[in-house]
Amino acid sequence: MANEWKEVTSPEALHFGRLKRFITQLIYFGWEQALSCLFPVVIFGSLALTQVIPLPWLPRYDWLLLLFLLMQWWMVRSGLETKDELKVITLFHLIGLALEIFKVNMGSWSYPEEGYMKILGVPLYSGFMYASVASYLCQAWRRLDVQLEKWPPFLLVVSLAAAIYLNFFVHHFWIDIRWWLSGLVLIVFWRSWVTYEVNGSRYRMPIALSFTLIGFFIWVAENIATFFGAWQYPNQTDTWSLVHLGKVSSWLLLVIVSFLIVATLKQVKRKLPVSKTE
């Protein structure tokens, strides 16, 4: 009678296999995120280098604009970004520049250094900091094959995004309704999920959690940017200090606007399958 062999896997081996899989997936996810963050990394690197290395002929702000334009051209030319993504990034540049002009002239922050390429006290390079958020979202969306589940109706999403953006302006003259808007976001997206693929496996996360995580990390990035003199808040005039933690709420709402714009544009272009399952 032939002996039948049965492979037995010990609990320790199973645990090790799961741990190995987790580490592999984490590394793969981190690599895809790093590639998606290429434009923001260049921005922070340029801010740091131009802070410590004086450049001739032009003011620092103007050099930053030229460097970012060159980087944008290279990313499209090399295929790292598509022409459709460039359109989205350009839209974010204009949206961000309009917000910067308003906020600077309301005294929210300032750009104290000299520059030839400024509009109403705002250097043109500042729009690229908003564009870099769009660059990250577009890159991550494509690399991780992002899909949405139980996405709210189109008009509701557009109206909410518009209300959040307008509140950045209106609260200077009226009440600040950011917390009401934050609560409304939770209600509208309570059942919505984002799914993404990592190395052949799909994962999902509540939309609200993804908003919060991205907003927090942008707040961290804002501290790095102000440290290297990208812009300056009133409390940083004499010496650098941490950006107030309350700014996380502002960045959270800005991330939501960014995410909603990218998601809506992708739906309009029919490049994003949206699950209708309940």
# chains A, B, ... in the order shown; residues from 1 in each chain; ligands from 1

$ closest_atom_pairs --of "stretch 31-97 of chain A" --to "stretch 253-268 of chain A" --cutoff "10 Å" --atoms "only C-alpha atoms" --output "JSON lines"
{"residue": "A:Asp84", "atom": "CA", "partner": "A:Lys266", "partner_atom": "CA", "distance": 9.7}
{"residue": "A:Glu85", "atom": "CA", "partner": "A:Val262", "partner_atom": "CA", "distance": 9.4}
{"residue": "A:Val88", "atom": "CA", "partner": "A:Val262", "partner_atom": "CA", "distance": 7.3}
{"residue": "A:Ile89", "atom": "CA", "partner": "A:Val262", "partner_atom": "CA", "distance": 9.6}
{"residue": "A:Leu91", "atom": "CA", "partner": "A:Ile261", "partner_atom": "CA", "distance": 9.7}
{"residue": "A:Phe92", "atom": "CA", "partner": "A:Ser258", "partner_atom": "CA", "distance": 7.9}
{"residue": "A:Gly96", "atom": "CA", "partner": "A:Leu254", "partner_atom": "CA", "distance": 9.9}

$ write_last_selection --atoms "N, CA and C atoms" --output "PDB file, in the first residue's frame"
ATOM      1  N   ASP A  84      -3.175  64.058 -20.705  1.00  0.00           N
ATOM      2  CA  ASP A  84      -4.411  64.257 -19.947  1.00  0.00           C
ATOM      3  C   ASP A  84      -4.102  64.650 -18.505  1.00  0.00           C
ATOM      4  N   GLU A  85      -3.100  63.999 -17.922  1.00  0.00           N
ATOM      5  CA  GLU A  85      -2.704  64.346 -16.558  1.00  0.00           C
ATOM      6  C   GLU A  85      -2.133  65.756 -16.500  1.00  0.00           C
ATOM      7  N   VAL A  88      -4.936  68.178 -16.081  1.00  0.00           N
ATOM      8  CA  VAL A  88      -5.422  68.223 -14.697  1.00  0.00           C
ATOM      9  C   VAL A  88      -4.466  69.033 -13.831  1.00  0.00           C
ATOM     10  N   ILE A  89      -3.173  68.800 -14.010  1.00  0.00           N
ATOM     11  CA  ILE A  89      -2.157  69.505 -13.218  1.00  0.00           C
ATOM     12  C   ILE A  89      -2.199  71.003 -13.502  1.00  0.00           C
ATOM     13  N   LEU A  91      -4.818  72.700 -14.445  1.00  0.00           N
ATOM     14  CA  LEU A  91      -6.017  73.202 -13.772  1.00  0.00           C
ATOM     15  C   LEU A  91      -5.737  73.465 -12.298  1.00  0.00           C
ATOM     16  N   PHE A  92      -5.044  72.544 -11.650  1.00  0.00           N
ATOM     17  CA  PHE A  92      -4.711  72.724 -10.238  1.00  0.00           C
ATOM     18  C   PHE A  92      -3.765  73.907 -10.042  1.00  0.00           C
ATOM     19  N   GLY A  96      -4.815  76.816  -7.605  1.00  0.00           N
ATOM     20  CA  GLY A  96      -3.933  77.132  -6.488  1.00  0.00           C
ATOM     21  C   GLY A  96      -3.412  78.550  -6.541  1.00  0.00           C
TER      22      GLY A  96
END

$ closest_atom_pairs --of "stretch 13-103 of chain A" --to "stretch 147-170 of chain A" --cutoff "10 Å" --atoms "only C-alpha atoms" --output "CSV"
residue,atom,partner,partner_atom,distance
A:Ile95,CA,A:Tyr165,CA,9.3
A:Leu99,CA,A:Phe169,CA,7.7
A:Phe102,CA,A:Phe169,CA,7.4
A:Lys103,CA,A:Phe169,CA,7.9

$ select_by_dssp --residues "stretch 30-189 of chain A" --states "alpha helix (DSSP H)" --output "ChimeraX atom specification"
/A:30-36,38-52,60-77,83-105,127-143,154-170,178-188

$ residues_around --residues "stretch 71-77 of chain A" --least-positions-apart "6" --cutoff "12 Å" --atoms "only C-alpha atoms" --output "list in words"
Leu35, Ser36, Leu38, Phe39, Pro40, Val41, Val42, Ile43, Ser46, Leu64, Leu65, Lys83, Asp84, Glu85, Leu86, Lys87, Ile89, Thr90, His93, Tyr125, Phe128, Ala131, Ser132, Ser135 and Gln139 of chain A

$ closest_residue --among "A:Val220, A:Gly183, A:Thr24, A:Leu70" --to "A:Ala208" --atoms "only C-alpha atoms"
A:Gly183

$ atom_distance --atom1 "atom CA of A:Trp174" --atom2 "atom CA of A:Met106"
13.8 Å

$ select_by_dssp --residues "stretch 53-145 of chain A" --states "strand (DSSP E or B)" --output "ChimeraX atom specification"
/A:110,118-119,122-123

$ closest_residue --among "A:Tyr130, A:Leu69, A:Leu144, A:Gln51" --to "A:Asn199" --atoms "only C-alpha atoms"
A:Leu144

$ atom_distance --atom1 "atom CA of A:Glu100" --atom2 "atom CA of A:Leu58"
22.1 Å

$ atom_distance --atom1 "atom CA of A:Leu67" --atom2 "atom CA of A:Pro123"
13.4 Å
